[in-house]
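Containing compact mmCIF, C-alpha atoms and all ligand atoms: run25.txt.
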# COMPACT_ATOMS: atom_id res chain seq x y z
CA MET A 777 85.44 113.64 98.84
CA ASN A 778 87.93 111.25 97.23
CA ASN A 779 88.55 111.13 93.52
CA ILE A 780 88.65 107.54 92.24
CA ASP A 781 90.92 108.45 89.33
CA THR A 782 93.47 109.92 91.74
CA LEU A 783 93.28 106.89 94.03
CA ARG A 784 93.72 104.59 91.04
CA ALA A 785 96.65 106.67 89.76
CA ASP A 786 98.28 105.97 93.14
CA THR A 787 97.80 102.24 92.53
CA PRO A 788 100.01 100.92 89.72
CA GLY A 789 98.48 97.42 89.82
CA VAL A 790 95.07 98.56 88.56
CA ARG A 791 96.63 99.15 85.11
CA ASN A 792 97.42 95.46 84.75
CA ARG A 793 94.46 93.61 86.17
CA ILE A 794 91.03 93.76 87.77
CA HIS A 795 92.08 92.95 91.29
CA LEU A 796 89.20 91.48 93.29
CA ASN A 797 91.33 89.58 95.77
CA ASN A 798 91.69 92.25 98.43
CA ALA A 799 90.76 89.73 101.11
CA GLY A 800 93.91 87.88 100.01
CA ALA A 801 96.31 90.75 99.50
CA ALA A 802 95.29 94.20 98.21
CA LEU A 803 97.26 96.22 95.70
CA PRO A 804 99.52 98.64 97.58
CA PRO A 805 99.67 102.34 96.71
CA TRP A 806 103.04 103.40 95.30
CA SER A 807 103.87 105.28 98.54
CA VAL A 808 104.04 101.92 100.36
CA THR A 809 106.28 100.26 97.78
CA ASP A 810 108.55 103.30 97.49
CA THR A 811 108.97 103.56 101.26
CA ILE A 812 110.01 99.92 101.47
CA LEU A 813 112.41 100.09 98.54
CA GLN A 814 113.99 103.26 99.86
CA HIS A 815 114.81 101.64 103.19
CA LEU A 816 116.09 98.42 101.59
CA ARG A 817 118.37 100.58 99.46
CA LEU A 818 119.61 102.41 102.56
CA GLU A 819 120.33 99.07 104.27
CA SER A 820 122.41 97.98 101.29
CA GLU A 821 124.30 101.27 101.32
CA ILE A 822 125.07 101.84 105.02
CA GLY A 823 124.25 98.53 106.80
CA GLY A 824 121.05 97.11 108.28
CA TYR A 825 121.62 98.14 111.91
CA GLU A 826 122.84 101.58 110.90
CA ALA A 827 119.82 102.07 108.62
CA ALA A 828 117.54 101.10 111.53
CA ASP A 829 119.32 103.69 113.74
CA ALA A 830 118.69 106.30 111.06
CA ALA A 831 115.01 105.31 110.93
CA THR A 832 114.35 105.37 114.70
CA GLU A 833 111.93 108.28 114.52
CA ALA A 834 110.12 106.95 111.46
CA MET A 835 109.73 103.55 113.17
CA ALA A 836 108.11 105.24 116.18
CA GLY A 837 105.57 106.55 113.69
CA PHE A 838 104.41 102.96 113.05
CA TYR A 839 102.98 102.71 116.57
CA ALA A 840 101.40 106.17 116.41
CA SER A 841 99.72 105.49 113.05
CA VAL A 842 98.34 102.06 113.99
CA ALA A 843 97.12 103.49 117.30
CA ARG A 844 95.25 106.22 115.43
CA LEU A 845 93.69 103.65 113.11
CA ILE A 846 92.11 101.70 115.98
CA ASN A 847 91.63 104.47 118.58
CA ALA A 848 94.37 103.23 120.89
CA GLN A 849 97.61 104.67 122.27
CA PRO A 850 101.03 103.90 120.77
CA ARG A 851 101.98 102.07 124.01
CA ASN A 852 99.32 99.44 123.19
CA ILE A 853 100.74 98.45 119.77
CA ALA A 854 103.29 95.77 118.84
CA PHE A 855 104.65 94.99 115.39
CA THR A 856 104.27 91.35 114.29
CA ALA A 857 105.05 89.30 111.19
CA SER A 858 101.40 88.49 110.39
CA ALA A 859 97.97 88.18 111.93
CA THR A 860 98.61 84.54 112.87
CA ASP A 861 101.88 85.54 114.49
CA ALA A 862 100.08 88.27 116.48
CA TYR A 863 97.40 85.76 117.48
CA ALA A 864 99.92 83.17 118.69
CA ARG A 865 101.70 85.85 120.73
CA ALA A 866 98.43 86.88 122.38
CA LEU A 867 97.46 83.27 123.09
CA SER A 868 100.87 82.56 124.61
CA ALA A 869 100.32 85.46 127.03
CA ILE A 870 96.91 84.41 128.32
CA PRO A 871 97.29 82.35 131.51
CA LEU A 872 95.45 79.17 130.45
CA ARG A 873 95.26 76.08 132.64
CA LYS A 874 93.95 72.54 132.14
CA GLY A 875 90.16 72.57 132.10
CA ASP A 876 89.90 76.27 131.19
CA VAL A 877 87.25 77.12 128.60
CA ILE A 878 87.99 78.96 125.36
CA LEU A 879 84.72 80.23 123.95
CA THR A 880 84.74 80.94 120.22
CA THR A 881 82.44 80.91 117.19
CA GLU A 882 81.68 78.58 114.31
CA ASN A 883 83.11 81.15 111.93
CA ASP A 884 86.44 81.85 113.57
CA TYR A 885 89.48 81.71 111.31
CA VAL A 886 90.87 78.28 110.51
CA SER A 887 94.31 78.88 112.05
CA ASN A 888 92.72 80.16 115.27
CA GLN A 889 90.63 76.98 115.42
CA LEU A 890 93.80 74.95 114.87
CA ALA A 891 95.52 76.77 117.75
CA PHE A 892 92.54 76.06 120.05
CA LEU A 893 92.47 72.40 119.00
CA SER A 894 96.19 72.16 119.67
CA LEU A 895 95.69 73.71 123.13
CA GLN A 896 92.88 71.24 123.73
CA GLU A 897 95.08 68.31 122.76
CA ARG A 898 98.22 69.40 124.62
CA MET A 899 96.87 71.26 127.64
CA GLY A 900 93.37 69.92 128.21
CA ILE A 901 91.69 73.22 127.35
CA GLN A 902 87.96 72.91 126.72
CA LEU A 903 86.88 74.38 123.38
CA VAL A 904 83.28 75.62 123.22
CA ARG A 905 81.62 77.27 120.22
CA VAL A 906 78.67 79.62 120.44
CA ARG A 907 75.65 78.83 118.28
CA ASP A 908 74.89 80.78 115.09
CA THR A 909 71.54 82.50 114.62
CA ALA A 910 69.30 81.44 111.71
CA GLU A 911 70.22 84.73 110.03
CA GLY A 912 73.94 83.88 110.35
CA GLY A 913 76.59 85.06 112.75
CA LEU A 914 76.97 84.37 116.45
CA ASP A 915 73.91 84.32 118.65
CA PRO A 916 74.45 87.01 121.35
CA GLU A 917 71.97 85.30 123.69
CA ASP A 918 73.82 82.00 123.45
CA MET A 919 77.08 83.88 123.94
CA GLU A 920 75.71 85.47 127.12
CA ARG A 921 74.45 82.10 128.40
CA LEU A 922 77.78 80.39 127.73
CA ILE A 923 79.84 83.17 129.31
CA ARG A 924 77.58 83.13 132.38
CA THR A 925 77.50 79.36 132.82
CA MET A 926 80.97 78.32 131.62
CA ASN A 927 83.07 81.23 132.92
CA PRO A 928 85.51 81.08 129.97
CA ALA A 929 89.13 82.09 130.46
CA LEU A 930 89.10 83.49 126.94
CA VAL A 931 86.46 84.63 124.45
CA ALA A 932 87.80 84.72 120.88
CA VAL A 933 85.86 86.19 117.94
CA THR A 934 86.90 86.76 114.34
CA HIS A 935 85.34 90.06 113.27
CA VAL A 936 85.09 89.15 109.56
CA PRO A 937 85.66 85.53 108.48
CA THR A 938 87.99 84.76 105.60
CA SER A 939 85.39 83.07 103.35
CA SER A 940 82.14 84.85 104.10
CA GLY A 941 80.76 88.38 103.95
CA LEU A 942 79.62 88.09 107.56
CA VAL A 943 80.45 90.78 110.15
CA GLN A 944 80.31 89.57 113.76
CA PRO A 945 78.89 91.87 116.50
CA VAL A 946 82.24 92.29 118.27
CA GLU A 947 81.08 95.27 120.33
CA ALA A 948 78.14 93.37 121.84
CA VAL A 949 80.49 90.51 122.77
CA GLY A 950 82.93 93.04 124.25
CA ARG A 951 80.23 94.36 126.59
CA LEU A 952 79.63 90.81 127.85
CA CYS A 953 83.35 90.19 128.35
CA ARG A 954 83.69 93.39 130.35
CA GLU A 955 80.60 92.53 132.43
CA TYR A 956 81.79 88.99 133.23
CA GLY A 957 85.52 89.77 133.31
CA CYS A 958 87.00 87.38 130.73
CA TRP A 959 89.89 87.98 128.39
CA TYR A 960 88.68 88.96 124.93
CA LEU A 961 90.69 88.39 121.74
CA VAL A 962 89.43 89.81 118.42
CA ASP A 963 90.81 88.75 115.05
CA ALA A 964 90.45 91.87 112.90
CA CYS A 965 92.57 90.56 110.05
CA GLN A 966 89.88 91.09 107.39
CA SER A 967 88.23 94.14 108.94
CA ALA A 968 91.35 96.29 109.46
CA GLY A 969 91.42 98.75 106.58
CA GLN A 970 87.89 97.78 105.52
CA ILE A 971 85.74 98.73 108.53
CA PRO A 972 86.51 101.52 111.04
CA LEU A 973 87.90 99.91 114.22
CA ASP A 974 87.66 101.36 117.72
CA VAL A 975 89.19 99.15 120.41
CA GLU A 976 87.54 101.20 123.15
CA ALA A 977 84.10 100.59 121.65
CA ILE A 978 84.90 96.90 121.01
CA GLY A 979 86.19 96.48 124.56
CA CYS A 980 88.78 93.86 123.58
CA ASP A 981 91.97 92.94 125.39
CA PHE A 982 93.83 91.84 122.28
CA LEU A 983 93.21 92.63 118.62
CA THR A 984 95.21 91.15 115.76
CA ALA A 985 95.58 92.13 112.11
CA THR A 986 97.76 91.79 109.05
CA MET A 987 98.99 94.56 106.76
CA ARG A 988 98.62 93.04 103.31
CA LYS A 989 94.83 92.77 103.10
CA TYR A 990 92.44 95.74 103.23
CA LEU A 991 95.18 97.91 104.74
CA ARG A 992 97.10 97.63 101.45
CA GLY A 993 100.43 97.21 103.23
CA PRO A 994 103.26 94.75 102.57
CA ARG A 995 103.25 91.00 103.04
CA GLY A 996 105.12 89.76 106.13
CA ALA A 997 103.79 92.45 108.46
CA GLY A 998 101.01 92.71 111.03
CA PHE A 999 100.22 94.16 114.42
CA LEU A 1000 98.96 93.22 117.86
CA TYR A 1001 96.96 95.55 120.10
CA ALA A 1002 97.21 94.81 123.82
CA SER A 1003 94.93 96.77 126.15
CA ASP A 1004 96.08 98.56 129.32
CA ARG A 1005 94.28 95.78 131.24
CA VAL A 1006 96.67 93.30 129.60
CA LEU A 1007 99.73 95.46 130.29
CA ASP A 1008 98.73 96.21 133.91
CA ALA A 1009 98.02 92.52 134.60
CA GLY A 1010 101.61 91.75 133.55
CA LEU A 1011 100.63 89.42 130.71
CA ASN A 1012 103.67 88.60 128.63
CA LEU A 1013 104.90 86.28 125.90
CA LEU A 1014 105.57 82.71 126.97
CA TYR A 1015 108.90 82.99 125.14
CA PRO A 1016 110.02 86.61 125.48
CA ASP A 1017 113.21 87.87 123.88
CA LEU A 1018 115.74 90.54 124.69
CA VAL A 1019 113.86 93.40 123.06
CA GLY A 1020 110.55 92.76 124.84
CA SER A 1021 112.06 91.96 128.24
CA THR A 1022 115.26 92.82 130.11
CA TRP A 1023 117.39 90.15 131.77
CA THR A 1024 117.88 92.00 135.07
CA ALA A 1025 119.92 89.37 136.97
CA PRO A 1026 120.87 85.70 136.35
CA ASP A 1027 117.41 84.50 137.49
CA THR A 1028 115.11 87.46 136.87
CA PHE A 1029 113.72 89.44 133.95
CA LEU A 1030 111.39 92.39 133.48
CA PRO A 1031 108.94 92.81 130.59
CA ASN A 1032 108.73 96.21 128.89
CA VAL A 1033 106.00 98.43 130.33
CA ASP A 1034 104.31 98.82 126.94
CA ALA A 1035 103.14 96.40 124.24
CA THR A 1036 106.64 96.14 122.76
CA ARG A 1037 106.97 93.35 125.34
CA PHE A 1038 105.20 91.29 122.65
CA GLU A 1039 107.86 92.00 120.04
CA TYR A 1040 111.04 90.22 118.99
CA TRP A 1041 114.34 91.89 118.32
CA GLU A 1042 114.56 91.03 114.64
CA ARG A 1043 112.10 93.16 112.73
CA PRO A 1044 111.90 94.00 109.02
CA VAL A 1045 112.35 97.76 109.35
CA ALA A 1046 111.48 98.34 105.69
CA LEU A 1047 108.14 96.56 106.19
CA MET A 1048 107.41 98.49 109.38
CA LEU A 1049 107.93 101.73 107.48
CA GLY A 1050 105.86 100.45 104.55
CA SER A 1051 103.12 99.45 106.99
CA LYS A 1052 103.11 102.92 108.47
CA ALA A 1053 102.79 104.38 104.96
CA ALA A 1054 99.83 102.04 104.29
CA VAL A 1055 98.03 102.98 107.50
CA ASP A 1056 98.65 106.69 106.88
CA TYR A 1057 97.23 106.29 103.38
CA ALA A 1058 94.08 104.60 104.72
CA LEU A 1059 93.67 107.34 107.33
CA GLU A 1060 94.06 110.02 104.68
CA VAL A 1061 91.50 108.39 102.38
CA GLY A 1062 89.26 108.06 105.44
CA MET A 1063 88.00 104.85 107.04
CA ASP A 1064 84.33 105.86 106.95
CA TRP A 1065 84.51 106.56 103.23
CA ILE A 1066 86.47 103.34 102.57
CA HIS A 1067 83.85 101.39 104.53
CA THR A 1068 80.93 102.85 102.60
CA ARG A 1069 82.47 102.56 99.15
CA SER A 1070 83.91 99.06 99.49
CA HIS A 1071 80.59 97.81 100.85
CA GLN A 1072 78.65 99.46 98.01
CA LEU A 1073 80.90 97.73 95.47
CA ALA A 1074 80.34 94.42 97.27
CA ALA A 1075 76.56 94.94 97.29
CA HIS A 1076 76.71 95.57 93.52
CA THR A 1077 78.75 92.37 93.09
CA ARG A 1078 76.22 90.34 95.11
CA GLU A 1079 73.31 91.69 93.11
CA LEU A 1080 74.93 90.88 89.75
CA LEU A 1081 76.09 87.41 90.82
CA ALA A 1082 72.70 86.53 92.28
CA ASN A 1083 71.14 87.22 88.85
CA LEU A 1084 73.34 84.64 87.10
CA PRO A 1085 71.59 81.32 86.40
CA GLY A 1086 72.51 78.63 88.91
CA VAL A 1087 74.58 80.94 91.12
CA ARG A 1088 73.96 81.23 94.86
CA VAL A 1089 75.38 84.13 96.85
CA LEU A 1090 76.23 82.72 100.25
CA ASP A 1091 76.92 85.66 102.54
CA LEU A 1092 74.83 85.67 105.70
CA GLY A 1093 74.34 87.89 108.73
CA ALA A 1094 72.64 91.13 109.68
CA GLU A 1095 75.65 93.10 108.42
CA ARG A 1096 77.64 92.17 105.30
CA CYS A 1097 80.98 93.46 104.16
CA ALA A 1098 83.33 93.73 101.18
CA ILE A 1099 83.86 89.95 100.94
CA VAL A 1100 81.43 88.32 98.52
CA THR A 1101 81.12 84.54 98.31
CA ALA A 1102 79.18 82.49 95.79
CA HIS A 1103 78.80 78.96 94.50
CA ALA A 1104 77.32 77.26 91.43
CA GLY A 1105 76.96 73.57 90.70
CA HIS A 1106 78.44 73.95 87.20
CA TRP A 1107 81.61 75.67 88.49
CA ARG A 1108 84.87 73.96 89.41
CA PRO A 1109 87.34 76.14 91.30
CA LYS A 1110 90.55 75.56 89.32
CA PRO A 1111 89.18 76.02 85.78
CA LEU A 1112 87.02 78.97 86.90
CA LEU A 1113 89.97 80.78 88.47
CA GLU A 1114 92.16 80.00 85.43
CA HIS A 1115 89.45 81.38 83.14
CA LEU A 1116 89.29 84.58 85.23
CA TRP A 1117 93.08 84.86 85.34
CA ALA A 1118 93.19 84.58 81.53
CA ASN A 1119 90.71 87.49 81.47
CA ARG A 1120 93.06 89.51 83.73
CA ILE A 1121 90.78 89.15 86.74
CA ASN A 1122 92.03 88.14 90.19
CA CYS A 1123 89.60 86.23 92.42
CA ARG A 1124 90.09 83.40 94.88
CA ALA A 1125 88.41 80.19 95.98
CA GLY A 1126 88.17 78.78 99.50
CA GLY A 1127 87.72 75.07 100.25
CA LEU A 1128 86.10 73.16 103.08
CA THR A 1129 89.30 73.15 105.16
CA VAL A 1130 88.90 76.89 105.82
CA ALA A 1131 85.25 76.66 106.90
CA GLN A 1132 84.46 73.23 108.38
CA MET A 1133 81.24 74.44 110.01
CA ASP A 1134 80.07 77.26 107.72
CA PHE A 1135 80.26 75.50 104.34
CA PRO A 1136 78.38 72.29 105.28
CA LYS A 1137 75.53 74.44 106.66
CA LYS A 1138 75.42 76.22 103.29
CA GLY A 1139 75.55 72.90 101.43
CA VAL A 1140 78.83 73.64 99.63
CA ASP A 1141 82.38 72.38 99.83
CA TRP A 1142 84.03 75.45 98.30
CA VAL A 1143 83.18 79.05 97.42
CA LEU A 1144 84.31 81.63 94.92
CA ARG A 1145 85.49 84.72 96.82
CA VAL A 1146 85.24 88.13 95.14
CA SER A 1147 86.59 90.86 97.40
CA PRO A 1148 86.54 94.41 96.02
CA HIS A 1149 88.18 97.42 97.65
CA TYR A 1150 87.44 101.12 97.33
CA TYR A 1151 89.82 101.59 94.39
CA ASN A 1152 87.80 99.15 92.27
CA THR A 1153 85.03 100.47 90.06
CA ASN A 1154 81.51 99.36 89.15
CA ALA A 1155 82.76 98.84 85.58
CA GLU A 1156 85.42 96.41 86.83
CA ILE A 1157 82.82 94.50 88.84
CA GLU A 1158 80.54 94.29 85.81
CA GLN A 1159 83.41 93.05 83.62
CA ALA A 1160 84.34 90.42 86.22
CA VAL A 1161 80.77 89.18 86.60
CA ALA A 1162 80.41 89.04 82.79
CA ALA A 1163 83.56 86.88 82.67
CA ILE A 1164 82.14 84.63 85.40
CA ALA A 1165 78.88 84.35 83.43
CA ALA A 1166 80.81 83.42 80.28
CA PHE A 1167 82.64 80.59 82.06
CA LYS A 1168 81.86 77.20 80.54
CA GLN A 1169 82.97 74.04 82.23
CA GLU A 1170 84.95 71.80 79.84
C1 LIG B 1201 90.05 86.26 109.36
C2 LIG B 1201 91.51 85.96 109.20
N1 LIG B 1201 92.28 85.84 110.28
C3 LIG B 1201 93.59 85.59 110.21
C4 LIG B 1201 94.19 85.39 109.00
C5 LIG B 1201 95.65 85.07 108.95
O1 LIG B 1201 96.39 86.16 108.49
P1 LIG B 1201 97.94 85.97 108.22
O2 LIG B 1201 98.05 85.12 106.99
O3 LIG B 1201 98.48 87.36 108.04
O4 LIG B 1201 98.54 85.29 109.39
C6 LIG B 1201 93.44 85.50 107.81
C7 LIG B 1201 94.06 85.28 106.51
O5 LIG B 1201 93.41 85.10 105.51
C8 LIG B 1201 92.06 85.80 107.93
O6 LIG B 1201 91.29 85.90 106.85
Entire entry expressed as C-alpha cells:
Amino acid sequence: MNNIDTLRADTPGVRNRIHLNNAGAALPPWSVTDTILQHLRLESEIGGYEAADAATEAMAGFYASVARLINAQPRNIAFTASATDAYARALSAIPLRKGDVILTTENDYVSNQLAFLSLQERMGIQLVRVRDTAEGGLDPEDMERLIRTMNPALVAVTHVPTSSGLVQPVEAVGRLCREYGCWYLVDACQSAGQIPLDVEAIGCDFLTATMRKYLRGPRGAGFLYASDRVLDAGLNLLYPDLVGSTWTAPDTFLPNVDATRFEYWERPVALMLGSKAAVDYALEVGMDWIHTRSHQLAAHTRELLANLPGVRVLDLGAERCAIVTAHAGHWRPKPLLEHLWANRINCRAGGLTVAQMDFPKKGVDWVLRVSPHYYNTNAEIEQAVAAIAAFKQE
C-alpha cells in the first residue's frame, strides 16, 4: 500500500501548486530530475561522448524498464524524442501505397490525423474513420465491418484522446487486426503511466508514448514499441541513420535486428536515464494502484464539477479515465485559466483544432481539462473545483 505523504514528499512541485495538468506534463519525482542533472554534470566534466560511454549499462536499463512497463522485451523498444516522433517513425516504416486504406477513429490525436491527411494529399492514401457508438468511443461492429470490407493497410487507434476522458477498446481492435492481418498502431501517449499496458494483450504492432505525461518523466523523451512481427517483416525507417542501420557496402545497408533500427544516433542520454528513472518509479508505485487511484480522483472531480450550476462534464464512453473535461457557457478559456493560475492551480483548455469531430458532437468549441494523477489529493480537487465555482466572467 502506498503512502500519499511519502509520494508527495518525493514530488517537490506539489509544495508550490495544485497540479491538475498531468495530461499536459506531470510533476516529476526528484529521482528523475536528479538523474538528469547528474548526467548533465558528468557531460560537462568529462565530455558528452565519454559520459555516454560511462553510462552504457544504465542506458541499456532504459529498454529493460520500458519493456517491463508494457510487457514486451527490450529488443522491441526504441527511444524517441516524443510520442509524435515515435508515431512518425512507425508511419514511415509501414509500406503504404497509393489507394491503401488507413482506418482510424474520430477521436484519434490531432497530429496523427494531420499525418494521415498529409499522406492522403501526397500519396493518395484513403483515410477512413470508424463510427462512434451513441455511448461514445469507437463502434467495434463498425470497425469489424470496415476491416472486413476495406482491407486496411493500417489500423490506428489512440487509446486515450488528449481532450476527453474516453478509453478506447484497444484490445478488441487488436483481436480484429490479428484476425484480418493488418498493421496495428496504438497511440498510448495519454495511457502510458496512467493505465496498465500489455502489448501482448493489445495485439499491436507499434505502440507510441511520451515520457512527460502520466509517466512523470522529462520533456523531450518518448518511446516506440515495435512487435516481433514488425522486426521479422523487416520494416524499417524510411530515412534510417548510422545507428539504426549499417552501411555494409557502397550500395547496401542492413537494419539492426532489434527495434533500435528505429533510433537515430543523437540521443539525449540524460533524458534517457531520467526516463528510465520515471518508468522505474511508476513500476515501484505499481501500475494497478496508479490506475485505481488516479481514476478515483477523476471520478471525484467529475462529480463535483457536474454539481456546479451551468457546468457540463463531457467525458463519454463505457470506460473513463483520469482526464476530466467540462464546459460552461459563462466560462471563457483565457480568463478562467488565469483565474486558476492566480489561485496556484494548473489546468488546461483544449480548442476545436484538437478535436474537430468530438467537440461539435458535444456542442462545444473548447473544453476545460482537469487531469489529476495519483499524487493529487481529494482536498486539492475540492480546492480546485471551489476556485472554478468562484470564477466570475468580467
Ligand atoms: C493522445 C496523444 N497522442 C500524442 C500526443 C503527442 O505527444 P508529444 O507531444 O509527446 O509528441 C499527445 C499530446 O498531448 C496526446 O495527447
Cut-off 10 Å, all atoms listed in the file, neighbours of ligand LIG 1201 (chain B) as a PyMOL selection string: chain A and resi 799-801+856-864+883-888+933-940+962-967+984-989+995-999+1130
Using only C-alpha atoms: which of A:Arg1088, A:Arg905, A:Arg844, A:Arg793 has the shortest distance to Glu1060 of chain A: A:Arg844
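Nearest-residue note for Ala1125 of chain A: choosing from A:Thr787, A:Thr1036, A:Asn797, A:Gln896, the minimum distance belongs to A:Asn797, counting only C-alpha atoms.
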Selected residue, from A:Val877, A:Met835, A:Leu973, A:Val1045, that lies nearest to Ile923 of chain A when counting only C-alpha atoms: A:Val877
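Counting all atoms listed in the file, the residue from A:Ala1025, A:Ala1002, A:Ala1054, A:Ala1160 that sits nearest to Asp786 of chain A is A:Ala1054.
The smallest atom-to-atom distance between Val1087 of chain A and any of A:Ala854, A:Ile870, A:Val1143, A:Val790, using only C-alpha atoms, is found for A:Val1143.
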Nearest residue to Val906 of chain A from the set A:Val931, A:Val975, A:Leu890, A:Leu1018 (distances using only C-alpha atoms): A:Val931
